[in-house]
Structure formats: C-alpha cells, structure tokens
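> I'd like to ask you about the structure that follows.
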Amino acid sequence: MRETKYWTWHMTAGVVILVLLGLHMVIMHLGSITHLFAPHAGEAVSRENSLFRDGQLFFTITYILLLGVALYHGLYGLRTILFELTLKPAVEKAVSVVLLVVGLGLFGLGTWAAVAVHAIAITGARG
Amino acid sequence: MPEASFTAREINFHVTRYNPESDSAPYVKTYRIPVREGMTVLDGLHYIKDNVDSTLAWRYSCRMGICGSCGMLLNGRATLACNTQILHIAETDLTVGPLPNFEIIRDLVPDLMIMFDKHRSLKPYVVRADEDEINDPAGEYYQSPEELEAYLQFAFCIKCGCCMAACPTLATDARYLGPMPLAAAERWNKDTRDDGRQDRNRQTGSSHGAFRCHYAGECSRACPKGVDPAKAIQLLKRQLVLDYLHLARRKKPCQKLHGPGQGKPRPDQPTAPAKTV
Amino acid sequence: MAEIKRYDNRLGVWGWLGGGRWGIERYAYILHRLTGLGILLYFLMHIVVTSLRAFGVYLWVEGGFFHQPIFKLGEFLVFAAFAYHAMNGVRLVLVELGFAVGKPIEPIYPYKTSLNVQRPLLIAMMILAVVFLAAGGYEFLGLAK
C-alpha cells in the first residue's frame with residue numbers, strides 16, 4: 001500500500017503544480033500580454049520585477065510550496081520510469097535513496113534562496 | 001449480399017521460427033500460400049503445416065475465440081489467429097510472430113506461465129472469512145443483476161495474453177503484474193460475494209502493481225473479447241486511493257440465501273407436481 | 001525433465017514506443033513521459049540558477065549568460081512541454097481516478113472501450129494545450145510588444 005500513498009500524493013502534487021506553475025508560467029511567459037505582478041518596465045524576468053515579487057510574502061511562500069511539490073512530483077515520476085526498467089531490488093532501493101537526497105538537497109537550497117532573497121528585497125525596498 | 005470469392009489469392013506468410021535445440025535466435029521464414037475469402041490466420045497456419053512445412057509449431061484449441069490459446073502478433077498487432085481473417089488484414093504480406101513480452105518456447109508458442117503466476121498471486125477467486133461455507137456450501141450467496149454488471153465485463157477474459165503483449169510497461173518491467181491479472185483482481189474485488197479486497201490491495205497497490213499503468217490503452221485496443229482491461233485498472237486505482245484515504249464505504253460481503261428446500265414458498269406459488277419416476 | 005531453452009521476447013524500451021497497435025493514447029503516453037523528463041531536467045537546473053539570485057547573480061537578465069536566443073528557444077520548449085504535460089495531466093488525473101472511463105458494460109462487437117469514453121476529454125485538452133501554445137508563441141516571437 002506504500003505505493004498507493006506515494007501515487008495519491010503524486011496526483012495531488014500534480015494538481016497543486018497545475019495551479020502554481022500555471023500562475024508562474026502566465027507571469028513569466030505571457031508577461032507582455034498580461035503584465036501580471038511586473039510593475040517595472042521591461043521583461044517580467046528583469047532584476048527589478050524579480051525583486052518586486054521576491055519582496056512579497058505571497059511569492060516567497062508559493063515559491064517554496066511549488067519547489068517542494070514540483071520536486072516530489074518530478075522525482076517520483078523519474079523513479080516510476082526507472083522502476084519500469086526491471087532493476088534489481090537493491091538498485092531500486094538505491095535509486096529511491098539517491099532521489100530522496102537530491103530532492104531534499106535542492107529543496108533546502110531553494111528554500112534558503114527564497115528566504116534570503118525575500119530579506120534582500122525587503123531591505124532594498126526600505127532603504 | 002456481397003458475392004463470396006472462391007478464387008484463391010497468394011499471400012506471403014512471414015512466420016517467426018525458433019527451435020530452441022538448434023537456433024540461437026528467432027528468424028523469419030516466408031511461405032507463399034493460396035488464400036480464399038473467409039480463411040482465418042489459423043487456417044493459413046494449418047495449410048502450411050499440412051502442405052509446406054510440418055515442423056511449424058503453434059498452440060491452438062477451439063478455433064472459435066473461446067479458449068485463448070492462439071494469441072499471436074499479426075502484422076504487429078497482438079490478437080487471436082482464429083478470429084482474424086487473412087484478407088481483412090493482409091493485401092499481399094502477413095507477418096505472424098509469437099506474442100512479445102513472453103519467452104518463446106518454440107516458433108509461435110509463448111510461455112504464458114509468468115502471466116498465470118501473477119494471476120494466481122492475486123487470488124482470483126472468492127475470498128471470504130466463512131471458509132467452511134466456501135468449502136462445504138449449504139446455500140447460495142445473494143447477488144442482484146445490478147451487482148453482477150459491476151464486474152461482468154471483466155469476467156469475459158479468456159487469458160489469451162494479447163493485452164500483456166501490447167502493454168508498453170510490460171515491454172521493460174518484468175515484475176509489473178500486467179493488464180490481465182489486474183483486470184482479474186478488479187473483477188473479484190467488485191464481486192459482492194468476495195471479501196478479499198484488502199488482501200489483494202497489498203499486491204495491486206505494490207510498487208509493480210496498478211500504478212505502473214499509465215493508460216496507453218493498448219490492452220483495451222488489443223483485447224479480442226472487449227474486456228477493456230484499461231478500464232478495470234483505472235477503477236482498481238480509484239478503489240486503492242479511496243481505501244488509502246479511508247473514503248470507501250465499508251460493505252459486508254453478501255449473505256447466504258437459504259439452502260435447497262429451506263426457503264419459504266410464496267402463498268400463491270403452486271406446488272410442484274408429484275414425482276412420476 | 002531437461003530444461004527447455006527459452007528466448008526472451010521482451011520488447012525493451014523500444015516497446016514503450018511501438019510494439020502494439022498505435023493508438024492516440026499511446027502517443028499521448030510517450031509524449032507525457034518525454035515532456036515530463038524534459039521539464040524535470042530544466043527544473044533541476046532552474047532551481048540552482050535562480051537560487052544564485054541570493055548572491056545577486058542574475059544570469060537570465062539583459063547581458064547575462066542565459067539571455068541568448070538559444071536559451072529563449074529552450075524556455076519556449078519548456079513552456080510548450082508544460083502546456084502539454086499539464087493539459088494531458090488533467091485528463092490522466094480524471095481517467096486514472098476512474099472518473100472518465102465509464103462503467104463496466106456488456107462487451108458487444110464491435111467493442112466500445114473506455115478509450116472511446118475518454119477521447120472527447122483528450123481532444124478538448126489537446127485543443128486547450130494548443131491555445132496555450134499559441135499564446136506562448138505569440139509572446140515568444142515578440143509580437144506582444
């Protein structure tokens with residue numbers, strides 16, 4: 001039943017990603033049509049617009065949330081594909097552990113960066 | 001009514017041959033045989049064996065799509081040789097191969113045991129707590145026609161292995177249970193006489209169980225009996241998720257109806273005529 | 001009894017692509033897999049690259065390393081992959097949780113399967129994906145400025 005648990009949350013993560021990454025994509029790639037959350041002139045990904053979003057708690061929180069669920073969804077998907085290659089049980093275990101470590105490492109890095117940039121953006125806006 | 005053509009047409013049969021005693025790998029041998037309208041691939045193979053090459057081996061029994069022995073890869077599609085007419089699928093050439101994703105025993109004979117082992121591991125029979133009643137029945141279990149419909153489609157499976165041959169996951173994953181055993185699990189899970197779902201969930205919800213299905217839909221396309229294994233697997237996944245989230249309604253298996261002669265007759269029911277013998 | 005030598009007829013990774021009947025769901029399945037792997041590869045690099053902004057390094061803005069047409073094209077491909085993966089994913093969630101496959105029916109030849117039941121959903125989702133792709137392409141080609 002453990003796989004049922006993993007898979008159920010894989011699906012749930014997919015739905016969360018659909019909303020959050022959908023928003024992310026609309027901001028980043030349809031920016032010149034929608035002009036969402038990009039008050040400064042130029043591209044949506046410019047340094048000023050980036051800092052504007054990083055300074056808002058909503059974006060910091062959703063970045064971390066999206067990071068977590070997307071890592072889970074993506075790495076579980078990769079694990080699924082690898083498991084379908086008839087690996088030895090020991091290799092399957094090793095794959096799971098490596099993916100878990102990679103996932104946690106990148107989640108730590110991204111979370112730290114999101115929080116650090118939030119602090120920079122706030123102090124930048126104040127002073 | 002279209003006129004039946006009795007004039008023979010020549011068709012090239014490209015048949016996969018493999019003799020484990022002399023060949024290291026399968027090879028393709030071509031036979032040119034006359035084909036009449038209405039001839040099935042199985043008839044064609046018989047013609048080859050009778051008139052051209054008596055060493056050709058394949059497995060068949062009923063010749064009418066019931067026994068599920070003659071599953072083969074015809075022009076790249078897994079299907080039964082007995083209910084496929086040659087002229088429906090071939091203009092001039094027809095490739096005949098053994099079902100892929102199984103081991104070849106000889107020529108067109110695949111080893112289906114791996115499929116049956118997986119099938120057996122899922123307990124494809126009524127599992128109940130009242131084992132005495134199962135082994136020594138004293139009555140019938142009550143099941144309504146509506147309850148029957150919930151699994152009847154999946155009970156039409158003849159275990160020919162065509163779905164297993166068409167499945168992309170089984171092409172690489174030897175441990176994946178596969179469409180046939182999973183559809184059978186759904187068939188018994190949905191049977192109101194059965195109480196073994198939680199037991200089967202351990203297998204179907206394992207890492208090589210139902211969640212390795214990604215709905216490529218090939219099994220349902222290949223199935224010669226319209227069993228639709230892909231549908232069964234999706235319904236199985238739904239039940240697994242509901243069971244995991246504890247959202248499934250707990251239902252007791254259906255209860256025993258009275259035994260023979262123990263029922264209460266309706267007041268307007270006429271009595272049976274006296275025995276004459 | 002002597003052990004019979006068997007020939008393993010497993011199709012291998014090629015079997016993901018071909019092997020059976022080629023149906024539209026088979027294409028959807030393989031494309032879902034490829035786009036998923038592509039997005040994951042981009043995403044893992046994206047985490048590292050965007051995390052560098054904590055050090056004040058913005059590699060993707062005007063003058064940065066990633067501000068080149070080839071990377072813009074790459075980003076558009078990721079957008080396209082996401083548009084497909086997301087829309088097909090909505091279908092898969094509905095199908096795999098048993099909402100879009102229909103009830104068990106009596107199999108009467110010519111057989112209608114769950115594939116026929118979910119096909120309108122597949123078509124609708126692919127139309128939506130194309131709409132998003134067109135909007136993304138409009139921006140990518142710089143027509144929105």
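The way I read the labels, and the way they are meant: chains A, B, ... in the order of the structure tokens, residue 1 as the first residue of every chain, and ligand 1 as the first ligand shown, with later ones counted on from there.
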Considering only C-alpha atoms, return as a PyMOL selection string whatever protein or nucleic-acid residues lie within 8 Å of His10 in chain A, sequence-local ones (same chain, fewer than 6 positions apart) excluded.

chain A and resi 72-73+76

> Just the selected residues (C-alpha atoms), exported as a short mmCIF file (atom, residue, chain, number, x, y, z; two decimals), in the first residue's frame, please.


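File written: out_7.cif
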data_model
loop_
_atom_site.label_atom_id
_atom_site.label_comp_id
_atom_site.auth_asym_id
_atom_site.auth_seq_id
_atom_site.Cartn_x
_atom_site.Cartn_y
_atom_site.Cartn_z
CA TYR A 72 8.21 15.46 -5.32
CA HIS A 73 6.10 15.15 -8.47
CA TYR A 76 8.57 10.40 -8.23
#

> Please, which residues of range 16-56 of chain B, numbered as in this document, come out helix (DSSP H, G or I) from DSSP, as a ChimeraX atom specification?

/B:41-52

> Could you name the residues that touch Trp58 in chain B at 7 Å or less, counting only C-alpha atoms, but leaving out those on the same chain fewer than 4 positions away, as a ChimeraX atom specification?

/B:107-109

> Given only C-alpha atoms as the basis, pick out the residue of B:Asp23, B:Glu103, B:Asp132, B:Asp117 nearest to chain C.

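Checking each of B:Asp23, B:Glu103, B:Asp132, B:Asp117 against chain C, counting only C-alpha atoms, the winner is B:Glu103.
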
> Write down, as a list in words, each residue of chain C that has any atom within 8 Å of an atom of chain A, counting only C-alpha atoms.

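Result, ordered by chain then number: Gly36, Leu37, Leu40, Leu44, Ile47, Val48, Ser51, Leu52, Arg53, Ala54, Tyr58, Trp60, Val61, Glu62, Phe79, Ala86, Gly89, Val90, Val93, Ala135, Gly136, Glu139, Phe140, Ala144 and Lys145 of chain C.
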
> Residues of chain C within 6 Å of chain B, using only C-alpha atoms, as number ranges by chain?

C: 5-12, 15-16, 20-21, 25-26, 29, 96-98, 101, 104-107, 111, 113-114

> With 10 Å as the limit and counting only C-alpha atoms, what residues in chain A lie close to chain B? Please list them as a ChimeraX atom specification.

/A:1-9,80-87

> Using N, CA and C atoms, can you write the selected residues to a file as a CSV table (one decimal), in the first residue's frame?


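Generated output (out.csv):
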chain,number,residue,atom,x,y,z
A,1,MET,N,0.8,-1.2,0.0
A,1,MET,CA,0.0,0.0,0.0
A,1,MET,C,0.8,1.3,0.0
A,2,ARG,N,2.2,1.1,0.2
A,2,ARG,CA,3.0,2.3,0.3
A,2,ARG,C,3.0,3.0,-1.1
A,3,GLU,N,3.0,2.2,-2.1
A,3,GLU,CA,3.0,2.8,-3.5
A,3,GLU,C,1.7,3.6,-3.7
A,4,THR,N,0.6,3.1,-3.1
A,4,THR,CA,-0.7,3.9,-3.2
A,4,THR,C,-0.6,5.3,-2.6
A,5,LYS,N,0.1,5.3,-1.4
A,5,LYS,CA,0.3,6.6,-0.7
A,5,LYS,C,1.2,7.5,-1.6
A,6,TYR,N,2.3,7.0,-2.1
A,6,TYR,CA,3.2,7.8,-3.0
A,6,TYR,C,2.4,8.4,-4.2
A,7,TRP,N,1.6,7.5,-4.8
A,7,TRP,CA,0.9,7.8,-6.1
A,7,TRP,C,-0.2,8.8,-5.8
A,8,THR,N,-0.9,8.6,-4.7
A,8,THR,CA,-2.0,9.6,-4.4
A,8,THR,C,-1.4,11.0,-4.2
A,9,TRP,N,-0.3,11.1,-3.5
A,9,TRP,CA,0.3,12.4,-3.4
A,9,TRP,C,0.9,12.9,-4.6
A,80,THR,N,9.4,6.4,-11.2
A,80,THR,CA,8.5,5.5,-11.9
A,80,THR,C,9.1,4.9,-13.2
A,81,ILE,N,9.7,5.9,-13.9
A,81,ILE,CA,10.3,5.4,-15.2
A,81,ILE,C,11.4,4.5,-15.0
A,82,LEU,N,12.3,4.8,-14.0
A,82,LEU,CA,13.4,4.0,-13.7
A,82,LEU,C,13.0,2.6,-13.2
A,83,PHE,N,12.0,2.6,-12.4
A,83,PHE,CA,11.5,1.3,-11.8
A,83,PHE,C,10.9,0.4,-12.9
A,84,GLU,N,10.5,1.0,-14.0
A,84,GLU,CA,9.9,0.2,-15.1
A,84,GLU,C,11.0,-0.5,-15.9
A,85,LEU,N,12.3,-0.4,-15.5
A,85,LEU,CA,13.4,-1.0,-16.3
A,85,LEU,C,13.8,-2.3,-15.7
A,86,THR,N,13.0,-2.9,-14.8
A,86,THR,CA,13.3,-4.2,-14.2
A,86,THR,C,14.7,-4.1,-13.5
A,87,LEU,N,14.8,-3.2,-12.5
A,87,LEU,CA,16.0,-3.1,-11.8
A,87,LEU,C,16.0,-4.1,-10.7

> Please identify all polymer residues within 12 Å of Asn51 in chain B, counting only C-alpha atoms, omitting same-chain residues fewer than 4 positions from it, and present them as a list of chain:residue names.

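Near neighbours after the sequence-gap exclusion: B:Tyr31, B:Arg32, B:Ile33, B:Pro34, B:Asp43, B:Gly44, B:Leu45, B:His46, B:Tyr47, B:Thr55, B:Leu56.
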